[in-house]
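S.K.: Before anything else, here's the structure in question.
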Amino acid sequence: MGHDRKFTWVIKNFSSLESEKIYSDQFVSGGCKWRLMAFPKGNPKLDDGCDWVDANGFQVLSSQVKLVNRIFEKHPDIALQFRAKNQHLRTACMTVLLSLIETLCQSPQELSSEDLVEAQNALAHVKDAGFKVDWLEEKLEKVKGKKEEEQTGEARMQELEEELKDLKQKCSEIEASLEKEKAKVSAARTHLTLDEFI
């Protein structure tokens with residue numbers, strides 16, 4: 001996090017392009033997927049076609065302003081130790097933080113083990129940047145615990161299903177044996193006719 005990564009995007013014949021917007025291929029920075037958007041008559045921007053606005057000193061998508069404001073209301077000291085001054089780094093760090101929160105709001109069923117490893121890495125990233133996120137650490141641990149419970153429960157369910165399948169097979173075999181015994185007993189209970197004695 002200590003250095004500013006630079007990305008170069010070359011657009012041939014840029015000024016003569018007819019499109020209103022041009023998008024770069026996606027790239028990963030700070031654990032997030034990004035793409036550049038350029039306007040042939042303007043400057044390239046980090047964007048996905050949405051409006052970026054300032055929220056508590058961070059550039060965020062307009063759709064994220066409420067969430068950012070809510071975070072700062074509930075955790076006013078979250079960015080007191082935040083060190084990055086470069087606006088792109090500030091934006092990237094906030095995007096990682098918001099993405100992490102979004103990830104942790106999913107149900108354990110929706111999250112893979114890889115998602116949780118990525119969440120752990122993202123958490124380390126935002127902590128290194130200076131965000132105070134002990135509350136998110138607790139949430140991550142809780143989600144990891146629920147995921148573990150889910151995986152343990154699924155494994156136990158599978159074991160029980162196998163046991164049940166074996167028991168059903170055994171029951172089926174016992175029922176077949178019982179029917180045979182019933183047939184034998186029924187045959188033994190029939191009385192012999194007079195012809196069979198003579």
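For the structure tokens, the naming scheme is as follows: chains receive sequential letters (A, B, ...) according to their order of presentation, residues are indexed from 1 within each chain, and ligands are indexed from 1 in presentation order.
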Check region 47-122 of chain A with DSSP on the backbone and list each residue it calls helix (DSSP H, G or I), as a ChimeraX atom specification.
M.R.: /A:62-74,87-104,113-122
S.K.: So that I can see what lies close to Phe72 (chain A), please list as an MDAnalysis selection string the residues with an atom at most 12 Å from it, counting only C-alpha atoms and leaving out residues fewer than 2 positions away in the same chain.
M.R.: chainID A and resid 55:58 65:70 74:80 94 131:133
S.K.: Create the file for the chosen residues now, containing N, CA, C and O atoms and written as an mmCIF file, in the first residue's frame.
M.R.:
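Produced file part-v1.cif, reproduced below:
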data_model
loop_
_atom_site.group_PDB
_atom_site.id
_atom_site.type_symbol
_atom_site.label_atom_id
_atom_site.label_comp_id
_atom_site.auth_asym_id
_atom_site.auth_seq_id
_atom_site.Cartn_x
_atom_site.Cartn_y
_atom_site.Cartn_z
ATOM 1 N N ALA A 55 -17.710 11.531 -0.485
ATOM 2 C CA ALA A 55 -18.414 11.164 0.743
ATOM 3 C C ALA A 55 -17.373 11.065 1.853
ATOM 4 O O ALA A 55 -16.508 10.188 1.816
ATOM 5 N N ASN A 56 -17.406 11.995 2.785
ATOM 6 C CA ASN A 56 -16.459 12.025 3.897
ATOM 7 C C ASN A 56 -15.005 12.019 3.426
ATOM 8 O O ASN A 56 -14.149 11.365 4.016
ATOM 9 N N GLY A 57 -14.743 12.719 2.331
ATOM 10 C CA GLY A 57 -13.375 12.828 1.825
ATOM 11 C C GLY A 57 -12.933 11.696 0.924
ATOM 12 O O GLY A 57 -11.773 11.621 0.531
ATOM 13 N N PHE A 58 -13.849 10.781 0.587
ATOM 14 C CA PHE A 58 -13.545 9.652 -0.286
ATOM 15 C C PHE A 58 -14.423 9.715 -1.518
ATOM 16 O O PHE A 58 -15.615 10.021 -1.418
ATOM 17 N N VAL A 65 -23.082 6.318 -1.406
ATOM 18 C CA VAL A 65 -22.979 7.431 -0.454
ATOM 19 C C VAL A 65 -23.691 7.125 0.856
ATOM 20 O O VAL A 65 -23.143 7.341 1.937
ATOM 21 N N LYS A 66 -24.922 6.591 0.780
ATOM 22 C CA LYS A 66 -25.677 6.281 2.006
ATOM 23 C C LYS A 66 -24.904 5.306 2.886
ATOM 24 O O LYS A 66 -24.836 5.478 4.103
ATOM 25 N N LEU A 67 -24.340 4.272 2.269
ATOM 26 C CA LEU A 67 -23.587 3.277 3.032
ATOM 27 C C LEU A 67 -22.359 3.910 3.675
ATOM 28 O O LEU A 67 -22.083 3.681 4.855
ATOM 29 N N VAL A 68 -21.622 4.725 2.918
ATOM 30 C CA VAL A 68 -20.423 5.380 3.469
ATOM 31 C C VAL A 68 -20.816 6.285 4.627
ATOM 32 O O VAL A 68 -20.173 6.257 5.684
ATOM 33 N N ASN A 69 -21.862 7.068 4.458
ATOM 34 C CA ASN A 69 -22.314 7.955 5.541
ATOM 35 C C ASN A 69 -22.711 7.159 6.776
ATOM 36 O O ASN A 69 -22.410 7.546 7.913
ATOM 37 N N ARG A 70 -23.367 6.033 6.551
ATOM 38 C CA ARG A 70 -23.787 5.172 7.673
ATOM 39 C C ARG A 70 -22.569 4.597 8.408
ATOM 40 O O ARG A 70 -22.550 4.526 9.633
ATOM 41 N N LYS A 74 -21.725 5.291 12.356
ATOM 42 C CA LYS A 74 -21.568 4.223 13.354
ATOM 43 C C LYS A 74 -20.128 4.090 13.846
ATOM 44 O O LYS A 74 -19.894 3.651 14.969
ATOM 45 N N HIS A 75 -19.168 4.443 12.992
ATOM 46 C CA HIS A 75 -17.749 4.285 13.326
ATOM 47 C C HIS A 75 -17.000 5.575 12.962
ATOM 48 O O HIS A 75 -16.232 5.601 12.004
ATOM 49 N N PRO A 76 -17.227 6.645 13.733
ATOM 50 C CA PRO A 76 -16.652 7.944 13.372
ATOM 51 C C PRO A 76 -15.123 7.967 13.353
ATOM 52 O O PRO A 76 -14.524 8.801 12.683
ATOM 53 N N ASP A 77 -14.493 7.024 14.044
ATOM 54 C CA ASP A 77 -13.022 6.992 14.091
ATOM 55 C C ASP A 77 -12.409 6.072 13.032
ATOM 56 O O ASP A 77 -11.207 5.851 13.028
ATOM 57 N N ILE A 78 -13.217 5.580 12.101
ATOM 58 C CA ILE A 78 -12.744 4.594 11.125
ATOM 59 C C ILE A 78 -11.554 5.077 10.306
ATOM 60 O O ILE A 78 -10.642 4.311 10.006
ATOM 61 N N ALA A 79 -11.526 6.364 9.943
ATOM 62 C CA ALA A 79 -10.466 6.852 9.047
ATOM 63 C C ALA A 79 -9.497 7.818 9.729
ATOM 64 O O ALA A 79 -8.711 8.477 9.049
ATOM 65 N N LEU A 80 -9.513 7.878 11.054
ATOM 66 C CA LEU A 80 -8.624 8.814 11.762
ATOM 67 C C LEU A 80 -7.150 8.520 11.488
ATOM 68 O O LEU A 80 -6.331 9.433 11.435
ATOM 69 N N MET A 94 -11.281 2.687 -0.197
ATOM 70 C CA MET A 94 -12.702 2.744 0.181
ATOM 71 C C MET A 94 -13.491 1.707 -0.613
ATOM 72 O O MET A 94 -14.390 1.050 -0.076
ATOM 73 N N PHE A 131 -7.369 2.126 8.086
ATOM 74 C CA PHE A 131 -8.765 2.090 8.531
ATOM 75 C C PHE A 131 -8.851 1.322 9.851
ATOM 76 O O PHE A 131 -8.203 0.285 10.023
ATOM 77 N N LYS A 132 -9.661 1.819 10.764
ATOM 78 C CA LYS A 132 -9.906 1.126 12.038
ATOM 79 C C LYS A 132 -11.130 0.239 11.827
ATOM 80 O O LYS A 132 -12.258 0.738 11.757
ATOM 81 N N VAL A 133 -10.902 -1.044 11.676
ATOM 82 C CA VAL A 133 -11.977 -1.958 11.276
ATOM 83 C C VAL A 133 -12.104 -3.174 12.196
ATOM 84 O O VAL A 133 -12.420 -4.262 11.754
#
S.K.: Nearest residue to Glu141 (chain A) out of A:Leu104, A:Glu118, A:Gly153, A:Glu163, using only C-alpha atoms?
M.R.: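 That would be A:Leu104, the residue with the smallest distance to Glu141 (chain A).
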S.K.: Do you know which residues are at most 9 Å from Gln59 (chain A) counting only C-alpha atoms, after dropping those on the same chain fewer than 3 positions away, and could you put them as a ChimeraX atom specification?
M.R.: /A:52-56,87-88,90-92,94-95
S.K.: If I take CA of Asp115 (chain A) and CA of Glu161 (chain A), how far is one from the other in Å, to one decimal?
M.R.: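 So the two atoms, CA of Asp115 (chain A) and CA of Glu161 (chain A), lie 28.1 Å apart.
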S.K.: Identify, on the basis of only C-alpha atoms, every residue whose closest approach to region 98-101 of chain A does not exceed 9 Å; exclude the query and any residue fewer than 6 positions from it along the same chain; express the result as a ChimeraX atom specification.
M.R.: /A:32,64,67-68,118-120,122-123,136
S.K.: Using only C-alpha atoms, which residue out of A:His125, A:Ala188, A:Glu148, A:Gln106 lies closest to Leu89 (chain A)?
M.R.: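 Ranked by minimum distance to Leu89 (chain A), first place goes to A:His125.
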S.K.: Measure the distance from CA of Glu102 (chain A) to CA of Val117 (chain A) in Å and round it to one decimal.
M.R.: 14.8 Å
S.K.: Near Lys146 (chain A), counting only C-alpha atoms, which residues have an atom at most 12 Å away, once you skip same-chain residues fewer than 6 positions from it, shown as number ranges by chain?
M.R.: A: 104, 106-113, 116, 139-140, 152-153
S.K.: Please, could you write that set of residues out with C-alpha atoms as a compact mmCIF listing (two decimals), in the first residue's frame?
M.R.:
# COMPACT_ATOMS: atom_id res chain seq x y z
CA LEU A 104 -19.69 -10.17 4.55
CA GLN A 106 -23.94 -12.41 2.06
CA SER A 107 -25.24 -15.62 3.59
CA PRO A 108 -22.67 -18.33 4.37
CA GLN A 109 -24.28 -20.45 1.62
CA GLU A 110 -23.40 -17.78 -0.97
CA LEU A 111 -19.78 -17.50 0.18
CA SER A 112 -17.05 -19.93 -0.82
CA SER A 113 -13.95 -20.63 1.24
CA LEU A 116 -13.48 -15.76 2.87
CA LYS A 139 -18.01 -9.76 11.61
CA LEU A 140 -15.55 -11.73 9.47
CA THR A 152 -19.66 -29.29 9.21
CA GLY A 153 -23.45 -29.61 9.08
